[in-house]
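Visitor: The following file, run_21.cif, comprises mmCIF, C-alpha atoms:
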```cif
data_upload
loop_
_atom_site.label_atom_id
_atom_site.label_comp_id
_atom_site.auth_asym_id
_atom_site.auth_seq_id
_atom_site.Cartn_x
_atom_site.Cartn_y
_atom_site.Cartn_z
CA MET A 401 -61.67 -120.34 -155.97
CA GLY A 402 -62.93 -121.40 -152.58
CA SER A 403 -61.73 -119.80 -149.38
CA ARG A 404 -59.98 -122.97 -148.20
CA ALA A 405 -58.24 -123.54 -151.53
CA ARG A 406 -57.16 -119.91 -151.56
CA ILE A 407 -55.65 -120.18 -148.09
CA VAL A 408 -53.78 -123.38 -149.00
CA LEU A 409 -52.48 -121.92 -152.26
CA TYR A 410 -51.22 -118.67 -150.74
CA THR A 411 -49.77 -120.46 -147.73
CA ILE A 412 -47.69 -122.54 -150.14
CA ALA A 413 -46.75 -119.33 -151.98
CA ALA A 414 -45.70 -117.71 -148.69
CA ILE A 415 -43.55 -120.73 -147.73
CA ILE A 416 -41.83 -120.72 -151.14
CA SER A 417 -41.29 -116.96 -150.82
CA VAL A 418 -39.65 -117.43 -147.41
CA ALA A 419 -37.33 -120.07 -148.90
CA GLY A 420 -36.44 -117.63 -151.69
CA LEU A 421 -35.97 -114.88 -149.11
CA ALA A 422 -33.50 -117.04 -147.17
CA ASP A 423 -31.57 -117.83 -150.37
CA ALA A 424 -31.46 -114.16 -151.44
CA THR A 425 -30.44 -113.07 -147.92
CA TYR A 426 -27.53 -115.52 -147.98
CA LEU A 427 -26.41 -114.21 -151.39
CA THR A 428 -26.75 -110.61 -150.18
CA VAL A 429 -24.57 -111.29 -147.15
CA ALA A 430 -22.01 -113.03 -149.37
CA ALA A 431 -21.94 -109.97 -151.64
CA LEU A 432 -21.72 -107.47 -148.76
CA THR A 433 -18.87 -109.31 -147.04
CA GLY A 434 -16.98 -109.37 -150.34
CA GLU A 435 -17.07 -113.17 -150.44
CA THR A 436 -18.30 -113.09 -154.01
CA ASP A 437 -15.43 -110.82 -155.10
CA VAL A 438 -12.87 -113.54 -154.51
CA CYS A 439 -12.36 -117.14 -155.60
CA ALA A 440 -12.23 -119.70 -152.82
CA GLY A 441 -11.72 -123.03 -154.47
CA SER A 442 -14.91 -123.65 -156.37
CA THR A 443 -16.06 -122.48 -159.76
CA GLY A 444 -19.51 -121.45 -160.91
CA CYS A 445 -20.79 -119.29 -158.08
CA PHE A 446 -17.77 -117.03 -158.05
CA GLU A 447 -17.81 -116.63 -161.82
CA VAL A 448 -21.47 -115.65 -161.66
CA LEU A 449 -21.60 -113.64 -158.45
CA GLY A 450 -18.29 -111.93 -159.11
CA SER A 451 -19.33 -110.88 -162.62
CA LYS A 452 -20.53 -107.44 -163.66
CA TYR A 453 -24.03 -108.89 -164.12
CA ALA A 454 -24.29 -109.52 -160.37
CA ARG A 455 -24.54 -105.80 -159.63
CA ILE A 456 -26.74 -103.01 -160.93
CA ALA A 457 -25.30 -99.54 -160.31
CA GLY A 458 -23.07 -101.07 -157.66
CA ILE A 459 -25.96 -102.72 -155.83
CA PRO A 460 -25.84 -106.53 -155.61
CA VAL A 461 -28.82 -107.98 -157.48
CA ALA A 462 -29.29 -110.28 -154.47
CA VAL A 463 -30.50 -107.21 -152.55
CA LEU A 464 -33.21 -106.77 -155.16
CA GLY A 465 -33.99 -110.47 -154.72
CA VAL A 466 -34.51 -109.95 -150.99
CA TRP A 467 -36.95 -107.12 -151.67
CA ALA A 468 -38.74 -109.11 -154.39
CA TYR A 469 -39.19 -112.24 -152.25
CA PHE A 470 -40.26 -110.17 -149.26
CA ALA A 471 -42.81 -108.38 -151.43
CA ALA A 472 -44.06 -111.71 -152.79
CA PHE A 473 -44.31 -113.07 -149.24
CA THR A 474 -46.21 -109.99 -148.04
CA PHE A 475 -48.70 -110.08 -150.91
CA ALA A 476 -49.15 -113.85 -150.53
CA ILE A 477 -49.98 -113.44 -146.83
CA PHE A 478 -52.47 -110.66 -147.49
CA ALA A 479 -53.96 -112.57 -150.43
CA GLY A 480 -54.35 -115.59 -148.18
CA PHE A 481 -56.28 -113.43 -145.73
CA GLY A 482 -58.67 -112.44 -148.53
CA TYR A 483 -57.29 -109.10 -149.72
CA ALA A 484 -58.22 -109.22 -153.43
CA ARG A 485 -55.85 -106.42 -154.45
CA ALA A 486 -52.94 -108.32 -152.87
CA ARG A 487 -53.56 -111.13 -155.36
CA THR A 488 -52.99 -108.71 -158.24
CA PHE A 489 -49.85 -107.30 -156.64
CA PHE A 490 -48.63 -110.82 -155.92
CA ALA A 491 -49.09 -111.79 -159.56
CA LEU A 492 -47.36 -108.64 -160.83
CA THR A 493 -44.42 -109.16 -158.47
CA VAL A 494 -44.02 -112.79 -159.46
CA TRP A 495 -44.15 -112.04 -163.20
CA ALA A 496 -41.50 -109.34 -162.76
CA MET A 497 -39.37 -111.87 -160.86
CA PHE A 498 -40.02 -114.44 -163.58
CA ALA A 499 -38.79 -112.04 -166.28
CA ALA A 500 -35.67 -111.23 -164.24
CA THR A 501 -35.07 -114.94 -163.67
CA LEU A 502 -35.20 -115.66 -167.41
CA TRP A 503 -32.63 -112.89 -167.99
CA PHE A 504 -30.28 -114.24 -165.31
CA LEU A 505 -30.58 -117.79 -166.63
CA TYR A 506 -29.74 -116.51 -170.11
CA VAL A 507 -26.69 -114.66 -168.76
CA GLN A 508 -25.47 -117.73 -166.87
CA ALA A 509 -26.01 -120.13 -169.78
CA PHE A 510 -24.95 -118.05 -172.78
CA VAL A 511 -22.78 -115.19 -171.53
CA LEU A 512 -20.89 -116.48 -168.50
CA HIS A 513 -21.15 -120.20 -169.34
CA ALA A 514 -21.26 -120.88 -165.60
CA PHE A 515 -24.04 -121.57 -163.14
CA CYS A 516 -24.34 -120.68 -159.48
CA ARG A 517 -26.43 -123.21 -157.57
CA TYR A 518 -27.89 -120.58 -155.23
CA CYS A 519 -29.05 -118.62 -158.27
CA LEU A 520 -30.61 -121.81 -159.66
CA PHE A 521 -32.40 -122.39 -156.34
CA SER A 522 -33.80 -118.89 -156.64
CA ALA A 523 -34.88 -119.56 -160.22
CA ALA A 524 -36.65 -122.73 -159.08
CA PHE A 525 -38.51 -120.85 -156.33
CA THR A 526 -39.61 -118.19 -158.82
CA PHE A 527 -40.83 -120.81 -161.30
CA LEU A 528 -42.83 -122.44 -158.51
CA LEU A 529 -44.37 -119.08 -157.60
CA ALA A 530 -45.19 -118.46 -161.25
CA GLY A 531 -46.88 -121.86 -161.37
CA LEU A 532 -49.02 -120.86 -158.40
CA VAL A 533 -49.96 -117.58 -160.09
CA VAL A 534 -51.08 -119.51 -163.15
CA ALA A 535 -53.13 -121.77 -160.88
CA SER A 536 -54.75 -118.73 -159.31
CA PRO A 537 -55.69 -115.95 -161.75
CA PRO A 538 -55.82 -112.61 -159.90
CA GLY A 539 -58.65 -110.18 -159.25
CA ARG A 540 -61.99 -111.94 -159.29
CA ALA A 541 -64.22 -109.47 -157.44
CA SER A 542 -67.19 -111.81 -157.48
CA GLU A 543 -65.68 -113.84 -154.67
CA GLY A 544 -66.64 -111.18 -152.15
CA GLN A 545 -63.19 -110.62 -150.82
CA LYS A 546 -61.68 -107.56 -149.11
CA MET B 1288 -57.26 -109.87 -133.87
CA LYS B 1289 -57.52 -111.64 -137.24
CA ARG B 1290 -57.50 -108.23 -138.89
CA TYR B 1291 -53.99 -107.57 -137.62
CA LEU B 1292 -52.65 -111.07 -138.10
CA PRO B 1293 -51.24 -110.58 -141.65
CA PHE B 1294 -49.41 -107.45 -140.49
CA VAL B 1295 -47.97 -109.36 -137.53
CA ILE B 1296 -46.83 -112.27 -139.74
CA VAL B 1297 -45.17 -109.96 -142.26
CA ALA B 1298 -43.49 -107.92 -139.50
CA VAL B 1299 -42.20 -111.07 -137.76
CA VAL B 1300 -40.76 -112.53 -140.98
CA GLY B 1301 -39.20 -109.16 -141.87
CA ALA B 1302 -37.60 -108.88 -138.42
CA LEU B 1303 -36.36 -112.48 -138.54
CA THR B 1304 -34.83 -111.90 -141.98
CA LEU B 1305 -33.02 -108.77 -140.79
CA GLY B 1306 -31.82 -110.53 -137.65
CA ALA B 1307 -30.63 -113.64 -139.46
CA GLY B 1308 -28.92 -111.50 -142.11
CA ALA B 1309 -27.12 -109.47 -139.45
CA LEU B 1310 -25.96 -112.60 -137.61
CA LEU B 1311 -24.77 -114.20 -140.84
CA TYR B 1312 -22.94 -111.01 -141.81
CA ARG B 1313 -21.09 -110.95 -138.47
CA ALA B 1314 -20.20 -114.63 -138.78
CA LYS B 1315 -18.96 -114.35 -142.36
CA ARG B 1316 -17.11 -111.04 -142.10
CA PRO B 1317 -13.46 -112.12 -142.32
CA ALA B 1318 -10.78 -110.91 -139.95
CA ALA B 1319 -7.76 -109.34 -141.67
CA LEU B 1320 -4.71 -111.59 -141.97
CA GLU B 1321 -1.36 -110.14 -141.02
CA ILE B 1322 2.17 -111.17 -141.87
CA PRO B 1323 4.03 -111.12 -138.57
CA LYS B 1324 7.24 -109.07 -138.65
CA ASN B 1325 9.19 -112.02 -137.22
CA SER B 1326 7.37 -114.49 -139.46
CA ASN B 1327 8.92 -117.91 -139.92
CA THR B 1328 7.55 -117.84 -143.46
CA PRO B 1329 10.31 -116.36 -145.62
CA GLU B 1330 9.36 -113.57 -148.01
CA LYS B 1331 12.03 -114.79 -150.39
CA THR B 1332 10.76 -117.96 -152.04
CA ALA B 1333 11.97 -119.96 -155.03
CA SER B 1334 9.53 -118.00 -157.15
CA MET B 1335 9.41 -114.31 -156.32
CA HIS B 1336 8.40 -111.91 -159.04
CA VAL B 1337 8.82 -108.28 -158.13
CA ARG B 1338 7.96 -105.01 -159.84
CA GLY B 1339 9.16 -101.67 -158.53
CA GLU B 1340 11.95 -100.39 -156.32
CA ALA B 1341 13.58 -102.82 -153.93
CA ASN B 1342 13.57 -100.21 -151.14
CA ALA B 1343 10.08 -98.87 -151.73
CA PRO B 1344 8.29 -97.94 -148.48
CA VAL B 1345 5.18 -99.93 -149.45
CA THR B 1346 5.12 -103.58 -150.49
CA LEU B 1347 2.01 -105.02 -152.12
CA GLU B 1348 2.08 -108.80 -152.06
CA GLU B 1349 -0.58 -110.54 -154.12
CA PHE B 1350 -1.56 -114.21 -153.93
CA ALA B 1351 -3.38 -115.02 -157.14
CA ASP B 1352 -4.64 -117.79 -159.36
CA PHE B 1353 -4.50 -117.41 -163.15
CA GLU B 1354 -7.90 -119.10 -163.53
CA CYS B 1355 -9.67 -116.84 -161.02
CA PRO B 1356 -11.84 -114.18 -162.75
CA PRO B 1357 -11.51 -111.55 -159.98
CA CYS B 1358 -7.70 -111.95 -160.23
CA ALA B 1359 -7.95 -111.26 -163.96
CA ASN B 1360 -10.04 -108.15 -163.28
CA LEU B 1361 -7.44 -106.95 -160.82
CA ALA B 1362 -4.56 -107.67 -163.20
CA GLY B 1363 -6.36 -105.62 -165.86
CA ALA B 1364 -6.56 -102.72 -163.41
CA SER B 1365 -2.93 -102.91 -162.23
CA GLY B 1366 -2.11 -99.68 -164.08
CA GLN B 1367 -4.80 -97.83 -162.14
CA ILE B 1368 -3.70 -99.38 -158.86
CA GLU B 1369 -0.03 -98.46 -159.26
CA GLU B 1370 -0.55 -95.09 -160.98
CA GLY B 1371 1.22 -92.23 -159.24
CA TYR B 1372 3.16 -94.33 -156.71
CA SER B 1373 6.26 -94.99 -158.91
CA ALA B 1374 9.22 -95.49 -156.54
CA GLN B 1375 7.01 -95.75 -153.45
CA LEU B 1376 5.53 -99.12 -154.33
CA ARG B 1377 6.94 -102.60 -154.75
CA VAL B 1378 4.65 -105.35 -156.08
CA ILE B 1379 5.25 -109.05 -155.42
CA PHE B 1380 3.29 -111.75 -157.24
CA ARG B 1381 2.71 -115.13 -155.62
CA HIS B 1382 1.08 -118.21 -157.10
CA PHE B 1383 -1.89 -119.62 -155.24
CA PRO B 1384 -3.67 -122.02 -157.63
CA LEU B 1385 -6.97 -123.10 -156.11
CA PRO B 1386 -8.22 -126.70 -156.10
CA GLY B 1387 -11.44 -125.85 -157.94
CA HIS B 1388 -9.56 -124.50 -160.96
CA PRO B 1389 -8.30 -127.47 -163.02
CA HIS B 1390 -5.93 -125.50 -165.29
CA ALA B 1391 -4.58 -123.14 -162.61
CA PRO B 1392 -1.52 -125.19 -161.52
CA GLU B 1393 -0.49 -125.69 -165.14
CA ALA B 1394 -0.98 -121.98 -165.88
CA ALA B 1395 1.23 -121.10 -162.91
CA GLN B 1396 3.90 -123.45 -164.26
CA VAL B 1397 3.55 -121.85 -167.71
CA ALA B 1398 4.20 -118.41 -166.21
CA GLU B 1399 7.21 -119.76 -164.31
CA ALA B 1400 8.59 -121.44 -167.43
CA ALA B 1401 8.27 -118.11 -169.25
CA GLY B 1402 9.97 -116.50 -166.25
CA LEU B 1403 12.99 -118.76 -166.75
CA GLN B 1404 13.36 -117.04 -170.12
CA GLY B 1405 12.87 -113.60 -168.56
CA ARG B 1406 9.25 -113.14 -169.71
CA PHE B 1407 7.24 -113.83 -166.55
CA TRP B 1408 5.25 -110.58 -166.50
CA GLU B 1409 4.48 -110.76 -170.21
CA MET B 1410 3.10 -114.29 -169.78
CA HIS B 1411 1.28 -113.19 -166.60
CA ASP B 1412 -0.51 -110.45 -168.55
CA LEU B 1413 -1.26 -112.74 -171.51
CA LEU B 1414 -2.67 -115.53 -169.32
CA TYR B 1415 -5.06 -113.12 -167.63
CA LYS B 1416 -6.03 -111.48 -170.93
CA GLU B 1417 -6.84 -114.84 -172.50
CA GLN B 1418 -8.26 -116.43 -169.34
CA GLY B 1419 -11.76 -116.77 -170.78
CA ILE B 1420 -10.40 -118.94 -173.59
CA TRP B 1421 -7.85 -121.31 -172.05
CA SER B 1422 -9.77 -121.81 -168.81
CA LYS B 1423 -12.59 -123.43 -170.79
CA ALA B 1424 -10.37 -125.39 -173.15
CA VAL B 1425 -10.11 -129.16 -172.86
CA ASP B 1426 -6.48 -129.06 -173.98
CA ALA B 1427 -5.12 -125.86 -172.49
CA ARG B 1428 -1.52 -126.97 -173.09
CA ALA B 1429 -1.80 -126.34 -176.84
CA LEU B 1430 -2.95 -122.78 -176.14
CA PHE B 1431 -0.17 -122.24 -173.60
CA ASN B 1432 2.38 -123.35 -176.20
CA SER B 1433 0.90 -120.89 -178.68
CA TYR B 1434 1.22 -118.09 -176.09
CA ALA B 1435 4.88 -119.03 -175.61
CA GLY B 1436 5.29 -118.72 -179.38
CA THR B 1437 3.54 -115.35 -179.38
CA LEU B 1438 6.00 -114.08 -176.76
CA GLY B 1439 8.92 -115.36 -178.83
CA LEU B 1440 10.09 -117.89 -176.25
CA ASN B 1441 12.34 -120.80 -177.10
CA LEU B 1442 9.53 -123.31 -177.49
CA GLU B 1443 11.50 -126.49 -176.93
CA ARG B 1444 12.99 -125.14 -173.71
CA PHE B 1445 9.60 -123.82 -172.63
CA LYS B 1446 7.94 -127.23 -173.13
CA THR B 1447 10.66 -128.92 -171.10
CA ASP B 1448 10.60 -126.30 -168.34
CA VAL B 1449 6.80 -126.32 -167.81
CA ASP B 1450 6.84 -129.79 -166.27
CA SER B 1451 10.27 -129.57 -164.68
CA PRO B 1452 10.71 -130.15 -160.93
CA GLU B 1453 12.29 -126.69 -160.63
CA VAL B 1454 9.20 -124.96 -161.98
CA LYS B 1455 6.85 -127.09 -159.86
CA GLU B 1456 8.93 -126.23 -156.79
CA ARG B 1457 8.65 -122.52 -157.59
CA VAL B 1458 4.87 -122.72 -157.63
CA ALA B 1459 4.77 -124.94 -154.56
CA SER B 1460 6.96 -122.57 -152.53
CA ASP B 1461 4.55 -119.68 -153.16
CA LYS B 1462 1.54 -121.83 -152.28
CA LYS B 1463 3.26 -122.98 -149.10
CA ARG B 1464 3.91 -119.41 -148.03
CA GLY B 1465 0.28 -118.49 -148.71
CA ALA B 1466 -1.04 -121.47 -146.77
CA GLU B 1467 1.19 -120.64 -143.82
CA LEU B 1468 -0.10 -117.08 -143.81
CA GLY B 1469 -3.71 -118.30 -143.78
CA VAL B 1470 -4.55 -117.47 -147.40
CA HIS B 1471 -7.52 -119.48 -148.68
CA SER B 1472 -8.96 -117.35 -151.46
CA THR B 1473 -7.73 -115.27 -154.39
CA PRO B 1474 -6.92 -112.54 -154.90
CA THR B 1475 -5.51 -112.05 -151.42
CA ILE B 1476 -3.56 -108.83 -151.14
CA PHE B 1477 -1.25 -107.75 -148.36
CA VAL B 1478 -0.07 -104.16 -148.14
CA ASN B 1479 2.92 -103.87 -145.84
CA GLY B 1480 1.95 -107.17 -144.28
CA ARG B 1481 -1.72 -106.34 -143.64
CA GLN B 1482 -4.47 -107.96 -145.70
CA VAL B 1483 -6.80 -105.79 -147.75
CA LEU B 1484 -10.21 -107.15 -146.82
CA PRO B 1485 -12.76 -107.86 -149.54
CA PRO B 1486 -14.03 -106.18 -151.62
CA VAL B 1487 -10.60 -106.19 -153.22
CA ASN B 1488 -10.66 -103.54 -155.94
CA VAL B 1489 -8.75 -100.50 -157.16
CA ALA B 1490 -10.26 -98.19 -154.55
CA THR B 1491 -9.68 -100.43 -151.52
CA ILE B 1492 -6.13 -101.31 -152.57
CA ARG B 1493 -5.20 -97.68 -153.22
CA ALA B 1494 -6.71 -96.72 -149.88
CA ALA B 1495 -4.53 -99.36 -148.18
CA ILE B 1496 -1.42 -98.09 -150.01
CA ASP B 1497 -2.24 -94.50 -149.04
CA ALA B 1498 -2.74 -95.56 -145.42
CA ALA B 1499 0.63 -97.34 -145.46
CA LEU B 1500 2.32 -94.25 -146.92
CA ASN B 1501 0.66 -91.89 -144.46
CA PRO B 1502 0.09 -93.79 -141.27
CA LYS B 1503 -2.15 -92.11 -138.72
CA PRO B 1504 -0.16 -90.94 -135.70
CA SER B 1505 -0.94 -92.99 -132.61
CA PRO B 1506 -2.84 -91.04 -129.98
#
```
Kindly present the structure from the file in structure tokens form.
Guide:
Amino acid sequence: MGSRARIVLYTIAAIISVAGLADATYLTVAALTGETDVCAGSTGCFEVLGSKYARIAGIPVAVLGVWAYFAAFTFAIFAGFGYARARTFFALTVWAMFAATLWFLYVQAFVLHAFCRYCLFSAAFTFLLAGLVVASPPGRASEGQK
Amino acid sequence: MKRYLPFVIVAVVGALTLGAGALLYRAKRPAALEIPKNSNTPEKTASMHVRGEANAPVTLEEFADFECPPCANLAGASGQIEEGYSAQLRVIFRHFPLPGHPHAPEAAQVAEAAGLQGRFWEMHDLLYKEQGIWSKAVDARALFNSYAGTLGLNLERFKTDVDSPEVKERVASDKKRGAELGVHSTPTIFVNGRQVLPPVNVATIRAAIDAALNPKPSP
């Protein structure tokens, strides 16, 4: 992959990661303020975010989402600046997020029978990141990168 | 300079995320509602379902919606919440069906119709226990009728009462009180007139009851 193409691809990845970061930050704040523990007139989000699947050991999964998107953003930036190892870490992070996304989609569709649109936004961002990883296989040392 | 640029970008985005998160948290953190002592909103409404001693020192007033999952969780934990308080606690249930829950007004009427036959709390418990089923049903009324049969209610009277103006007024009077107090979500819990802020769970409610039983002396 050429240097210019690499920069464009990882810039797009970084922008998508920032969008995911904003979404996960919003969900984290909603969980921390207790907003997701109550119903406020709409269905879907509250059924999902107020369920037991929305927390792991008491920690809102949105917090993990913040860390995951921030990690993806960080690795995308470093990959864009030519750090070859960052490309590998970026790919590993995105595949882990992809697996988690599949699990959460399964839970929403088949266990809770309810969807939260902010969770679906996050799923869309992760799928886009996964698409970029597929477009850019990691770790080709021959490109003379850092 | 280019060597440090990725570190700078990551640090800036990290700082912006923390800052935006903190601002959003401050904006969204709700202020506790209070029921004024000289409130114009009467505690006694057409529908007022009470458990516990009339003269208990602590009153827990709950505004809830039968279709709201967190309300069902709380109802399932009512034993844990009330354990050990016996005569010290009085519990009042209020209807607050939310607009986003299509079966909630009907479920509230079902509970009231059961209440007219002296089985409000039994229907309350059954509606929450079976929430996952009737809330997703197209025709919830058939299920509600079957619950009335399970509780041994007079079915003909129950069917008439569910849609009666009296029952609708009972639900409406609770909702009116909630709206006047500023309630907009469920479950909203007041302990001695002060709202328990989310997260509303066994621990936070018991802490509020304990605080009401043992108020800190003013300095």
Visitor: Only residues of chain A matter here; which ones have an atom within 8 Å of chain B, counting all atoms listed in the file? Give them as a PDB file with C-alpha atoms, keeping the file's coordinate frame.
Guide:
```pdb
ATOM      1  CA  LEU A 421     -35.970-114.880-149.110  1.00  0.00           C
ATOM      2  CA  ALA A 422     -33.500-117.040-147.170  1.00  0.00           C
ATOM      3  CA  THR A 425     -30.440-113.070-147.920  1.00  0.00           C
ATOM      4  CA  TYR A 426     -27.530-115.520-147.980  1.00  0.00           C
ATOM      5  CA  VAL A 429     -24.570-111.290-147.150  1.00  0.00           C
ATOM      6  CA  ALA A 430     -22.010-113.030-149.370  1.00  0.00           C
ATOM      7  CA  LEU A 432     -21.720-107.470-148.760  1.00  0.00           C
ATOM      8  CA  THR A 433     -18.870-109.310-147.040  1.00  0.00           C
ATOM      9  CA  GLY A 434     -16.980-109.370-150.340  1.00  0.00           C
ATOM     10  CA  GLU A 435     -17.070-113.170-150.440  1.00  0.00           C
ATOM     11  CA  ASP A 437     -15.430-110.820-155.100  1.00  0.00           C
ATOM     12  CA  VAL A 438     -12.870-113.540-154.510  1.00  0.00           C
ATOM     13  CA  CYS A 439     -12.360-117.140-155.600  1.00  0.00           C
ATOM     14  CA  ALA A 440     -12.230-119.700-152.820  1.00  0.00           C
ATOM     15  CA  GLY A 441     -11.720-123.030-154.470  1.00  0.00           C
ATOM     16  CA  SER A 442     -14.910-123.650-156.370  1.00  0.00           C
ATOM     17  CA  THR A 443     -16.060-122.480-159.760  1.00  0.00           C
ATOM     18  CA  GLU A 447     -17.810-116.630-161.820  1.00  0.00           C
ATOM     19  CA  GLY A 450     -18.290-111.930-159.110  1.00  0.00           C
ATOM     20  CA  PHE A 470     -40.260-110.170-149.260  1.00  0.00           C
ATOM     21  CA  PHE A 473     -44.310-113.070-149.240  1.00  0.00           C
ATOM     22  CA  THR A 474     -46.210-109.990-148.040  1.00  0.00           C
ATOM     23  CA  ILE A 477     -49.980-113.440-146.830  1.00  0.00           C
ATOM     24  CA  PHE A 478     -52.470-110.660-147.490  1.00  0.00           C
ATOM     25  CA  PHE A 481     -56.280-113.430-145.730  1.00  0.00           C
TER      26      PHE A 481
END
```
Visitor: Using CA of Phe510 in chain A and CA of Gly465 in chain A as the two end points, give the distance in Å to one decimal.
Guide: 21.6 Å
Visitor: Starting from the displayed file, determine the output of the PyMOL selection byres ((chain B and resi 1361-1377) around 9) and express the residue list as a ChimeraX atom specification.
Guide: /B:1337-1348,1356-1360,1378-1379,1411-1412,1415-1416,1474,1487-1490,1492-1493,1496,1500
Visitor: With a distance cut-off of 9 Å and all atoms listed in the file, select the neighbouring residues of range 1402-1409 of chain B, excluding the residue or stretch itself and same-chain residues fewer than 6 positions from it, and output the selection as a PyMOL selection string.
Guide: chain B and resi 1336+1438+1440-1441+1444-1445+1448+1454
Visitor: Ranking B:Phe1431, B:Phe1477, B:Trp1421, B:Phe1350 by minimum distance to Ala1400 in chain B and counting only C-alpha atoms, which one comes first?
Guide: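 Smallest separation from Ala1400 in chain B among the options: B:Phe1431.
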Visitor: Using the chain letters and numbers from the file, which residues does the PyMOL selection byres ((chain A and resi 414) around 8) grab, as a list of chain:residue names?
Guide: A:Tyr410, A:Thr411, A:Ile412, A:Ala413, A:Ile415, A:Ile416, A:Ser417, A:Val418, A:Ala472, A:Phe473, A:Thr474, A:Ala476, A:Ile477
Visitor: Calculate how many Å separate CA of Val494 in chain A from CA of Ala419 in chain A, rounding to one decimal.
Guide: 14.5 Å
Visitor: Using the incomplete input, complete range 1373-1386 of chain B to the level of N, CA, C and O atoms; output as an mmCIF file, in the coordinates of the input.
Guide:
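Result file follows (selection-v2.cif):
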```cif
data_model
loop_
_atom_site.group_PDB
_atom_site.id
_atom_site.type_symbol
_atom_site.label_atom_id
_atom_site.label_comp_id
_atom_site.auth_asym_id
_atom_site.auth_seq_id
_atom_site.Cartn_x
_atom_site.Cartn_y
_atom_site.Cartn_z
ATOM 1 N N SER B 1373 4.906 -94.760 -158.351
ATOM 2 C CA SER B 1373 6.260 -94.990 -158.910
ATOM 3 C C SER B 1373 7.210 -95.640 -157.901
ATOM 4 O O SER B 1373 7.052 -96.809 -157.568
ATOM 5 N N ALA B 1374 8.161 -94.889 -157.372
ATOM 6 C CA ALA B 1374 9.220 -95.490 -156.540
ATOM 7 C C ALA B 1374 8.741 -95.846 -155.136
ATOM 8 O O ALA B 1374 9.503 -96.414 -154.349
ATOM 9 N N GLN B 1375 7.499 -95.491 -154.816
ATOM 10 C CA GLN B 1375 7.010 -95.750 -153.450
ATOM 11 C C GLN B 1375 6.405 -97.137 -153.285
ATOM 12 O O GLN B 1375 6.061 -97.537 -152.181
ATOM 13 N N LEU B 1376 6.255 -97.848 -154.399
ATOM 14 C CA LEU B 1376 5.530 -99.120 -154.330
ATOM 15 C C LEU B 1376 6.328 -100.266 -154.966
ATOM 16 O O LEU B 1376 6.891 -100.119 -156.053
ATOM 17 N N ARG B 1377 6.335 -101.378 -154.236
ATOM 18 C CA ARG B 1377 6.940 -102.600 -154.750
ATOM 19 C C ARG B 1377 5.832 -103.652 -154.803
ATOM 20 O O ARG B 1377 5.067 -103.776 -153.832
ATOM 21 N N VAL B 1378 5.717 -104.348 -155.916
ATOM 22 C CA VAL B 1378 4.650 -105.350 -156.080
ATOM 23 C C VAL B 1378 5.267 -106.744 -156.195
ATOM 24 O O VAL B 1378 6.172 -106.954 -156.994
ATOM 25 N N ILE B 1379 4.779 -107.662 -155.368
ATOM 26 C CA ILE B 1379 5.250 -109.050 -155.420
ATOM 27 C C ILE B 1379 4.077 -109.935 -155.846
ATOM 28 O O ILE B 1379 2.977 -109.820 -155.294
ATOM 29 N N PHE B 1380 4.330 -110.797 -156.812
ATOM 30 C CA PHE B 1380 3.290 -111.750 -157.240
ATOM 31 C C PHE B 1380 3.598 -113.131 -156.686
ATOM 32 O O PHE B 1380 4.730 -113.610 -156.774
ATOM 33 N N ARG B 1381 2.575 -113.764 -156.123
ATOM 34 C CA ARG B 1381 2.710 -115.130 -155.620
ATOM 35 C C ARG B 1381 1.655 -116.026 -156.272
ATOM 36 O O ARG B 1381 0.500 -115.617 -156.417
ATOM 37 N N HIS B 1382 2.047 -117.246 -156.560
ATOM 38 C CA HIS B 1382 1.080 -118.210 -157.100
ATOM 39 C C HIS B 1382 0.258 -118.802 -155.956
ATOM 40 O O HIS B 1382 0.809 -119.176 -154.916
ATOM 41 N N PHE B 1383 -1.047 -118.891 -156.188
ATOM 42 C CA PHE B 1383 -1.890 -119.620 -155.240
ATOM 43 C C PHE B 1383 -3.011 -120.316 -156.011
ATOM 44 O O PHE B 1383 -4.190 -119.970 -155.897
ATOM 45 N N PRO B 1384 -2.634 -121.325 -156.835
ATOM 46 C CA PRO B 1384 -3.670 -122.020 -157.630
ATOM 47 C C PRO B 1384 -4.651 -122.745 -156.714
ATOM 48 O O PRO B 1384 -4.231 -123.453 -155.800
ATOM 49 N N LEU B 1385 -5.929 -122.519 -156.976
ATOM 50 C CA LEU B 1385 -6.970 -123.100 -156.110
ATOM 51 C C LEU B 1385 -7.402 -124.473 -156.617
ATOM 52 O O LEU B 1385 -7.391 -124.729 -157.829
ATOM 53 N N PRO B 1386 -7.837 -125.340 -155.703
ATOM 54 C CA PRO B 1386 -8.220 -126.700 -156.100
ATOM 55 C C PRO B 1386 -9.371 -126.761 -157.107
ATOM 56 O O PRO B 1386 -9.411 -127.649 -157.933
#
```
